[in-house]
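J.: One file is attached below, target-v3.pdb, containing PDB, C-alpha atoms.
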ATOM      1  CA  VAL A   1      89.359 114.941  45.170  1.00  0.00           C
ATOM      2  CA  GLN A   2      86.941 112.667  43.381  1.00  0.00           C
ATOM      3  CA  LEU A   3      83.915 110.999  44.893  1.00  0.00           C
ATOM      4  CA  VAL A   4      82.133 107.939  43.536  1.00  0.00           C
ATOM      5  CA  GLU A   5      78.833 106.661  44.888  1.00  0.00           C
ATOM      6  CA  THR A   6      77.726 103.061  44.564  1.00  0.00           C
ATOM      7  CA  GLY A   7      75.085 100.834  46.069  1.00  0.00           C
ATOM      8  CA  GLY A   8      71.886 102.243  44.676  1.00  0.00           C
ATOM      9  CA  GLY A   9      69.191 100.125  43.109  1.00  0.00           C
ATOM     10  CA  LEU A  10      65.611  98.971  43.285  1.00  0.00           C
ATOM     11  CA  VAL A  11      64.295  97.939  46.693  1.00  0.00           C
ATOM     12  CA  GLN A  12      60.856  97.107  47.986  1.00  0.00           C
ATOM     13  CA  PRO A  13      59.152  99.250  50.621  1.00  0.00           C
ATOM     14  CA  GLY A  14      60.444  98.330  54.054  1.00  0.00           C
ATOM     15  CA  GLY A  15      63.755  97.178  52.634  1.00  0.00           C
ATOM     16  CA  SER A  16      67.290  98.377  53.260  1.00  0.00           C
ATOM     17  CA  LEU A  17      70.226  99.605  51.222  1.00  0.00           C
ATOM     18  CA  ARG A  18      73.774 100.592  51.993  1.00  0.00           C
ATOM     19  CA  LEU A  19      75.296 103.284  49.839  1.00  0.00           C
ATOM     20  CA  SER A  20      79.038 103.789  49.565  1.00  0.00           C
ATOM     21  CA  CYS A  21      81.016 106.899  48.771  1.00  0.00           C
ATOM     22  CA  THR A  22      84.647 106.327  47.874  1.00  0.00           C
ATOM     23  CA  GLY A  23      87.115 109.100  47.345  1.00  0.00           C
ATOM     24  CA  SER A  24      90.698 110.167  47.261  1.00  0.00           C
ATOM     25  CA  GLY A  25      90.460 112.726  50.041  1.00  0.00           C
ATOM     26  CA  PHE A  26      88.214 112.561  53.063  1.00  0.00           C
ATOM     27  CA  SER A  27      89.287 115.404  55.268  1.00  0.00           C
ATOM     28  CA  GLY A  28      86.558 117.765  56.370  1.00  0.00           C
ATOM     29  CA  GLY A  29      82.905 116.854  56.181  1.00  0.00           C
ATOM     30  CA  ILE A  30      81.407 114.191  53.922  1.00  0.00           C
ATOM     31  CA  GLY A  31      77.686 114.559  53.430  1.00  0.00           C
ATOM     32  CA  TRP A  32      74.979 112.491  51.811  1.00  0.00           C
ATOM     33  CA  PHE A  33      72.260 114.330  49.919  1.00  0.00           C
ATOM     34  CA  ARG A  34      69.331 113.239  47.842  1.00  0.00           C
ATOM     35  CA  ARG A  35      67.160 114.700  45.150  1.00  0.00           C
ATOM     36  CA  ALA A  36      63.704 113.278  44.775  1.00  0.00           C
ATOM     37  CA  PRO A  37      61.899 113.698  41.447  1.00  0.00           C
ATOM     38  CA  GLY A  38      60.633 117.257  41.144  1.00  0.00           C
ATOM     39  CA  LYS A  39      62.211 118.362  44.411  1.00  0.00           C
ATOM     40  CA  GLU A  40      65.269 120.239  45.525  1.00  0.00           C
ATOM     41  CA  ARG A  41      68.387 118.479  46.689  1.00  0.00           C
ATOM     42  CA  GLU A  42      68.291 117.952  50.443  1.00  0.00           C
ATOM     43  CA  ALA A  43      70.779 116.887  53.076  1.00  0.00           C
ATOM     44  CA  VAL A  44      70.435 113.446  54.620  1.00  0.00           C
ATOM     45  CA  ALA A  45      73.459 113.072  56.905  1.00  0.00           C
ATOM     46  CA  CYS A  46      77.074 114.104  57.320  1.00  0.00           C
ATOM     47  CA  ILE A  47      80.192 112.882  59.088  1.00  0.00           C
ATOM     48  CA  ASN A  48      83.308 114.910  59.803  1.00  0.00           C
ATOM     49  CA  SER A  49      86.949 113.984  60.282  1.00  0.00           C
ATOM     50  CA  SER A  50      86.381 113.364  63.992  1.00  0.00           C
ATOM     51  CA  ASP A  51      83.545 110.933  63.198  1.00  0.00           C
ATOM     52  CA  ARG A  52      81.006 113.372  64.556  1.00  0.00           C
ATOM     53  CA  THR A  53      77.744 112.731  62.756  1.00  0.00           C
ATOM     54  CA  SER A  54      74.838 114.992  61.865  1.00  0.00           C
ATOM     55  CA  TYR A  55      71.436 113.782  60.699  1.00  0.00           C
ATOM     56  CA  TYR A  56      69.086 116.056  58.820  1.00  0.00           C
ATOM     57  CA  LEU A  57      66.160 113.722  58.137  1.00  0.00           C
ATOM     58  CA  GLY A  58      66.237 111.957  61.485  1.00  0.00           C
ATOM     59  CA  LYS A  59      68.493 109.150  62.599  1.00  0.00           C
ATOM     60  CA  GLU A  60      65.909 106.417  62.942  1.00  0.00           C
ATOM     61  CA  ARG A  61      66.333 105.113  59.416  1.00  0.00           C
ATOM     62  CA  PHE A  62      69.726 106.478  58.381  1.00  0.00           C
ATOM     63  CA  THR A  63      73.193 105.694  59.687  1.00  0.00           C
ATOM     64  CA  ILE A  64      76.316 107.315  58.349  1.00  0.00           C
ATOM     65  CA  SER A  65      79.759 105.890  59.026  1.00  0.00           C
ATOM     66  CA  ARG A  66      83.239 105.975  57.586  1.00  0.00           C
ATOM     67  CA  ASP A  67      86.069 103.542  56.949  1.00  0.00           C
ATOM     68  CA  ASN A  68      89.224 105.580  56.638  1.00  0.00           C
ATOM     69  CA  ALA A  69      91.371 102.617  55.647  1.00  0.00           C
ATOM     70  CA  ASN A  70      89.181 102.061  52.600  1.00  0.00           C
ATOM     71  CA  LYS A  71      88.494 105.760  52.050  1.00  0.00           C
ATOM     72  CA  THR A  72      84.773 105.096  52.104  1.00  0.00           C
ATOM     73  CA  VAL A  73      81.775 106.718  53.765  1.00  0.00           C
ATOM     74  CA  TYR A  74      78.627 104.650  54.054  1.00  0.00           C
ATOM     75  CA  LEU A  75      74.973 105.513  54.332  1.00  0.00           C
ATOM     76  CA  GLN A  76      72.926 102.662  55.716  1.00  0.00           C
ATOM     77  CA  MET A  77      69.221 103.131  55.010  1.00  0.00           C
ATOM     78  CA  SER A  78      66.444 101.014  56.460  1.00  0.00           C
ATOM     79  CA  ASP A  79      62.651 100.818  56.364  1.00  0.00           C
ATOM     80  CA  LEU A  80      62.703 102.528  53.007  1.00  0.00           C
ATOM     81  CA  ALA A  81      59.543 104.063  51.597  1.00  0.00           C
ATOM     82  CA  PRO A  82      58.593 105.211  48.086  1.00  0.00           C
ATOM     83  CA  GLU A  83      59.239 108.821  49.117  1.00  0.00           C
ATOM     84  CA  ASP A  84      62.890 107.890  49.636  1.00  0.00           C
ATOM     85  CA  THR A  85      63.212 107.404  45.889  1.00  0.00           C
ATOM     86  CA  GLY A  86      65.738 109.698  44.267  1.00  0.00           C
ATOM     87  CA  VAL A  87      69.319 110.230  43.289  1.00  0.00           C
ATOM     88  CA  TYR A  88      71.676 110.073  46.248  1.00  0.00           C
ATOM     89  CA  TYR A  89      74.887 112.047  46.191  1.00  0.00           C
ATOM     90  CA  CYS A  90      77.870 112.317  48.446  1.00  0.00           C
ATOM     91  CA  ALA A  91      79.766 115.558  48.720  1.00  0.00           C
ATOM     92  CA  ARG A  92      82.730 117.005  50.547  1.00  0.00           C
ATOM     93  CA  ARG A  93      83.457 120.298  52.202  1.00  0.00           C
ATOM     94  CA  SER A  94      86.645 121.435  53.879  1.00  0.00           C
ATOM     95  CA  TYR A  95      85.120 122.286  57.224  1.00  0.00           C
ATOM     96  CA  LEU A  96      82.503 121.009  59.617  1.00  0.00           C
ATOM     97  CA  CYS A  97      79.294 119.407  58.470  1.00  0.00           C
ATOM     98  CA  SER A  98      76.502 121.563  57.110  1.00  0.00           C
ATOM     99  CA  PRO A  99      73.046 120.849  55.703  1.00  0.00           C
ATOM    100  CA  THR A 100      73.525 123.555  53.053  1.00  0.00           C
ATOM    101  CA  VAL A 101      74.007 122.216  49.538  1.00  0.00           C
ATOM    102  CA  THR A 102      76.124 125.157  48.406  1.00  0.00           C
ATOM    103  CA  ALA A 103      78.550 124.660  51.294  1.00  0.00           C
ATOM    104  CA  TYR A 104      79.980 121.571  49.594  1.00  0.00           C
ATOM    105  CA  THR A 105      82.578 121.941  46.871  1.00  0.00           C
ATOM    106  CA  THR A 106      83.056 118.413  45.539  1.00  0.00           C
ATOM    107  CA  TRP A 107      80.236 116.145  44.418  1.00  0.00           C
ATOM    108  CA  GLY A 108      79.925 112.632  43.123  1.00  0.00           C
ATOM    109  CA  GLN A 109      77.825 111.715  40.120  1.00  0.00           C
ATOM    110  CA  GLY A 110      75.032 110.215  42.217  1.00  0.00           C
ATOM    111  CA  THR A 111      73.441 106.805  42.518  1.00  0.00           C
ATOM    112  CA  GLN A 112      69.773 106.079  41.872  1.00  0.00           C
ATOM    113  CA  VAL A 113      67.644 104.626  44.641  1.00  0.00           C
ATOM    114  CA  THR A 114      64.161 103.438  43.711  1.00  0.00           C
ATOM    115  CA  VAL A 115      61.750 102.178  46.336  1.00  0.00           C
ATOM    116  CA  SER A 116      58.850 100.406  44.729  1.00  0.00           C
ATOM    117  CA  SER A 117      56.883  97.203  44.927  1.00  0.00           C
TER     118      SER A 117
END
Write out the structure in this file as structure tokens.
T.:
Amino acid sequence: VQLVETGGGLVQPGGSLRLSCTGSGFSGGIGWFRRAPGKEREAVACINSSDRTSYYLGKERFTISRDNANKTVYLQMSDLAPEDTGVYYCARRSYLCSPTVTAYTTWGQGTQVTVSS
């Protein structure tokens, strides 16, 4: 299984971005994580094979969804703030969603999100 994230970039505060995670195998849970500069990697959201979603930073600004036909999981982000800046990763685990970084066995290379005016 390989995962590839795309969609990162520079966005102004209050703006939106949609990240994509494309992979060869999407059974189990697919999670989005982020690592802000100087901070630990943290869970943002996860979706499992039954499309059950889990949000770990609140669901007001983040929406996770999947397109099985295109083997892609999306993370829609809105009302972005400078503290959302970081590298965003998608990851896969064989079982249900979890907010624990070490529970995931396959990781993408990450995509940089920068929120700045």
J.: Quick check on the file I pasted: which residues fall under the PyMOL selection byres ((chain A and resi 12) around 6)? Write them as JSON, numbers by chain.
T.: {"A": [11, 13, 15, 115, 116, 117]}
J.: Expand the PyMOL selection byres ((chain A and resi 7) around 7) into the explicit residue set it covers here, and present it as a ChimeraX atom specification.
T.: /A:6,8-9,18-20
J.: Compile a residue-level contact table for region 26-51 of chain A against region 68-77 of chain A at a cut-off of 10 Å, reporting for every qualifying residue the shortest atom pair and its distance in Å to one decimal, with all atoms listed in the file counted, rows ordered by chain and ascending number, as JSON lines.
T.:
{"residue": "A:Phe26", "atom": "CA", "partner": "A:Lys71", "partner_atom": "CA", "distance": 6.9}
{"residue": "A:Ser27", "atom": "CA", "partner": "A:Asn68", "partner_atom": "CA", "distance": 9.9}
{"residue": "A:Ile30", "atom": "CA", "partner": "A:Val73", "partner_atom": "CA", "distance": 7.5}
{"residue": "A:Gly31", "atom": "CA", "partner": "A:Val73", "partner_atom": "CA", "distance": 8.8}
{"residue": "A:Trp32", "atom": "CA", "partner": "A:Leu75", "partner_atom": "CA", "distance": 7.4}
{"residue": "A:Val44", "atom": "CA", "partner": "A:Leu75", "partner_atom": "CA", "distance": 9.1}
{"residue": "A:Ala45", "atom": "CA", "partner": "A:Leu75", "partner_atom": "CA", "distance": 8.1}
{"residue": "A:Cys46", "atom": "CA", "partner": "A:Leu75", "partner_atom": "CA", "distance": 9.3}
{"residue": "A:Ile47", "atom": "CA", "partner": "A:Val73", "partner_atom": "CA", "distance": 8.3}
{"residue": "A:Ser49", "atom": "CA", "partner": "A:Asn68", "partner_atom": "CA", "distance": 9.4}
J.: Go through A:Cys90, A:Tyr95, A:Trp107, A:Val4 one by one, measure the shortest atom-to-atom distance of each to Ala43 (chain A) using all atoms listed in the file, and give the residue with the smallest value.
T.: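 For Ala43 (chain A), the nearest of the given residues is A:Cys90.
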J.: Contacts of Thr85 (chain A) at 9 Å or less, counting only C-alpha atoms, minus same-chain residues fewer than 2 places along, as a list of chain:residue names?
T.: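 My reading of the contact set: A:Arg34, A:Arg35, A:Ala36, A:Pro37, A:Leu80, A:Ala81, A:Pro82, A:Glu83, A:Val87, A:Tyr88, A:Gln112, A:Val113, A:Thr114, A:Val115, A:Ser116.
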J.: Generate the output file for the selected residues, C-alpha atoms, as a PDB file, keeping the file's coordinate frame.
T.:
ATOM      1  CA  ARG A  34      69.331 113.239  47.842  1.00  0.00           C
ATOM      2  CA  ARG A  35      67.160 114.700  45.150  1.00  0.00           C
ATOM      3  CA  ALA A  36      63.704 113.278  44.775  1.00  0.00           C
ATOM      4  CA  PRO A  37      61.899 113.698  41.447  1.00  0.00           C
ATOM      5  CA  LEU A  80      62.703 102.528  53.007  1.00  0.00           C
ATOM      6  CA  ALA A  81      59.543 104.063  51.597  1.00  0.00           C
ATOM      7  CA  PRO A  82      58.593 105.211  48.086  1.00  0.00           C
ATOM      8  CA  GLU A  83      59.239 108.821  49.117  1.00  0.00           C
ATOM      9  CA  VAL A  87      69.319 110.230  43.289  1.00  0.00           C
ATOM     10  CA  TYR A  88      71.676 110.073  46.248  1.00  0.00           C
ATOM     11  CA  GLN A 112      69.773 106.079  41.872  1.00  0.00           C
ATOM     12  CA  VAL A 113      67.644 104.626  44.641  1.00  0.00           C
ATOM     13  CA  THR A 114      64.161 103.438  43.711  1.00  0.00           C
ATOM     14  CA  VAL A 115      61.750 102.178  46.336  1.00  0.00           C
ATOM     15  CA  SER A 116      58.850 100.406  44.729  1.00  0.00           C
TER      16      SER A 116
END
J.: One decimal, Å: what's the distance from CA of Ser24 (chain A) over to CA of Val1 (chain A), could you say?
T.: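 Going from CA of Ser24 (chain A) over to CA of Val1 (chain A), I get 5.4 Å.
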J.: Point out the residue among A:Asn48, A:Ser78, A:Gln109, A:Thr102 with the least atom-to-atom distance to Thr63 (chain A), counting all atoms listed in the file.
T.: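 Smallest separation from Thr63 (chain A) among the options: A:Ser78.
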J.: Please measure the separation of CA of Leu10 (chain A) and CA of Arg66 (chain A), giving the value in Å to one decimal.
T.: 23.8 Å
J.: Taking all atoms of region 52-57 of chain A that appear in the file, build a box with edges along x, y and z, extend it by 5 Å on every side, and state its centre and edge lengths in Å to one decimal, as lines of an AutoDock Vina configuration file.
T.:
center_x = 73.6
center_y = 114.4
center_z = 61.3
size_x = 24.8
size_y = 13.3
size_z = 16.4
J.: Can you measure CA of Ser50 (chain A) to CA of Gly86 (chain A) for me? One decimal in Å is fine.
T.: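 Between CA of Ser50 (chain A) and CA of Gly86 (chain A) the gap is 28.8 Å.
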J.: Would you kindly identify which residues have an atom no farther than 10 Å from (89.0, 121.1, 46.2), using only C-alpha atoms and the file's own coordinates, and write them out as a list of chain:residue names?
T.: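 Counting only C-alpha atoms, I find these residues within 10 Å of (89.0, 121.1, 46.2): A:Val1, A:Gln2, A:Gly25, A:Arg92, A:Arg93, A:Ser94, A:Tyr104, A:Thr105, A:Thr106.
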J.: In terms of the shortest atom-to-atom distance over all atoms listed in the file, which of A:Arg52, A:Arg61, A:Leu3, A:Gly23 is closest to Asp84 (chain A)?
T.: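 Closest candidate: A:Arg61.
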J.: Could you give me region 64-86 of chain A completed to N, CA, C and O atoms, formatted as an mmCIF file, in the frame of the given file?
T.:
data_model
loop_
_atom_site.group_PDB
_atom_site.id
_atom_site.type_symbol
_atom_site.label_atom_id
_atom_site.label_comp_id
_atom_site.auth_asym_id
_atom_site.auth_seq_id
_atom_site.Cartn_x
_atom_site.Cartn_y
_atom_site.Cartn_z
ATOM 1 N N ILE A 64 75.136 106.983 59.132
ATOM 2 C CA ILE A 64 76.316 107.315 58.349
ATOM 3 C C ILE A 64 77.548 106.868 59.128
ATOM 4 O O ILE A 64 77.613 106.990 60.361
ATOM 5 N N SER A 65 78.526 106.347 58.394
ATOM 6 C CA SER A 65 79.759 105.890 59.026
ATOM 7 C C SER A 65 80.889 105.993 58.018
ATOM 8 O O SER A 65 80.658 106.189 56.822
ATOM 9 N N ARG A 66 82.116 105.876 58.509
ATOM 10 C CA ARG A 66 83.239 105.975 57.586
ATOM 11 C C ARG A 66 84.271 104.903 57.900
ATOM 12 O O ARG A 66 84.420 104.460 59.037
ATOM 13 N N ASP A 67 84.964 104.497 56.851
ATOM 14 C CA ASP A 67 86.069 103.542 56.949
ATOM 15 C C ASP A 67 87.275 104.234 56.329
ATOM 16 O O ASP A 67 87.418 104.252 55.109
ATOM 17 N N ASN A 68 88.105 104.802 57.165
ATOM 18 C CA ASN A 68 89.224 105.580 56.638
ATOM 19 C C ASN A 68 90.232 104.711 55.883
ATOM 20 O O ASN A 68 90.836 105.166 54.907
ATOM 21 N N ALA A 69 90.405 103.492 56.320
ATOM 22 C CA ALA A 69 91.371 102.617 55.647
ATOM 23 C C ALA A 69 90.974 102.377 54.200
ATOM 24 O O ALA A 69 91.835 102.286 53.310
ATOM 25 N N ASN A 70 89.674 102.285 53.959
ATOM 26 C CA ASN A 70 89.181 102.061 52.600
ATOM 27 C C ASN A 70 88.688 103.323 51.940
ATOM 28 O O ASN A 70 88.128 103.260 50.842
ATOM 29 N N LYS A 71 88.875 104.461 52.613
ATOM 30 C CA LYS A 71 88.494 105.760 52.050
ATOM 31 C C LYS A 71 87.044 105.739 51.593
ATOM 32 O O LYS A 71 86.721 106.141 50.456
ATOM 33 N N THR A 72 86.178 105.257 52.453
ATOM 34 C CA THR A 72 84.773 105.096 52.104
ATOM 35 C C THR A 72 83.886 105.617 53.228
ATOM 36 O O THR A 72 84.176 105.394 54.407
ATOM 37 N N VAL A 73 82.837 106.317 52.841
ATOM 38 C CA VAL A 73 81.775 106.718 53.765
ATOM 39 C C VAL A 73 80.510 105.989 53.352
ATOM 40 O O VAL A 73 80.176 105.943 52.164
ATOM 41 N N TYR A 74 79.821 105.436 54.321
ATOM 42 C CA TYR A 74 78.627 104.650 54.054
ATOM 43 C C TYR A 74 77.374 105.382 54.538
ATOM 44 O O TYR A 74 77.410 106.131 55.512
ATOM 45 N N LEU A 75 76.277 105.100 53.860
ATOM 46 C CA LEU A 75 74.973 105.513 54.332
ATOM 47 C C LEU A 75 74.095 104.267 54.356
ATOM 48 O O LEU A 75 73.720 103.755 53.301
ATOM 49 N N GLN A 76 73.819 103.796 55.544
ATOM 50 C CA GLN A 76 72.926 102.662 55.716
ATOM 51 C C GLN A 76 71.500 103.184 55.843
ATOM 52 O O GLN A 76 71.233 104.043 56.702
ATOM 53 N N MET A 77 70.615 102.693 55.007
ATOM 54 C CA MET A 77 69.221 103.131 55.010
ATOM 55 C C MET A 77 68.321 101.937 55.273
ATOM 56 O O MET A 77 68.507 100.874 54.667
ATOM 57 N N SER A 78 67.343 102.105 56.137
ATOM 58 C CA SER A 78 66.444 101.014 56.460
ATOM 59 C C SER A 78 65.009 101.499 56.415
ATOM 60 O O SER A 78 64.742 102.705 56.383
ATOM 61 N N ASP A 79 64.089 100.518 56.398
ATOM 62 C CA ASP A 79 62.651 100.818 56.364
ATOM 63 C C ASP A 79 62.335 101.836 55.273
ATOM 64 O O ASP A 79 61.644 102.835 55.504
ATOM 65 N N LEU A 80 62.851 101.582 54.102
ATOM 66 C CA LEU A 80 62.703 102.528 53.007
ATOM 67 C C LEU A 80 61.263 102.615 52.526
ATOM 68 O O LEU A 80 60.522 101.608 52.548
ATOM 69 N N ALA A 81 60.890 103.792 52.087
ATOM 70 C CA ALA A 81 59.543 104.063 51.597
ATOM 71 C C ALA A 81 59.634 104.674 50.207
ATOM 72 O O ALA A 81 60.694 105.192 49.816
ATOM 73 N N PRO A 82 58.556 104.636 49.435
ATOM 74 C CA PRO A 82 58.593 105.211 48.086
ATOM 75 C C PRO A 82 59.074 106.663 48.061
ATOM 76 O O PRO A 82 59.723 107.075 47.093
ATOM 77 N N GLU A 83 58.791 107.422 49.097
ATOM 78 C CA GLU A 83 59.239 108.821 49.117
ATOM 79 C C GLU A 83 60.745 108.961 49.316
ATOM 80 O O GLU A 83 61.278 110.071 49.231
ATOM 81 N N ASP A 84 61.431 107.870 49.569
ATOM 82 C CA ASP A 84 62.890 107.890 49.636
ATOM 83 C C ASP A 84 63.527 107.742 48.252
ATOM 84 O O ASP A 84 64.754 107.808 48.116
ATOM 85 N N THR A 85 62.710 107.526 47.251
ATOM 86 C CA THR A 85 63.212 107.404 45.889
ATOM 87 C C THR A 85 63.890 108.685 45.443
ATOM 88 O O THR A 85 63.375 109.786 45.682
ATOM 89 N N GLY A 86 65.024 108.542 44.782
ATOM 90 C CA GLY A 86 65.738 109.698 44.267
ATOM 91 C C GLY A 86 67.173 109.358 43.948
ATOM 92 O O GLY A 86 67.609 108.212 44.086
#
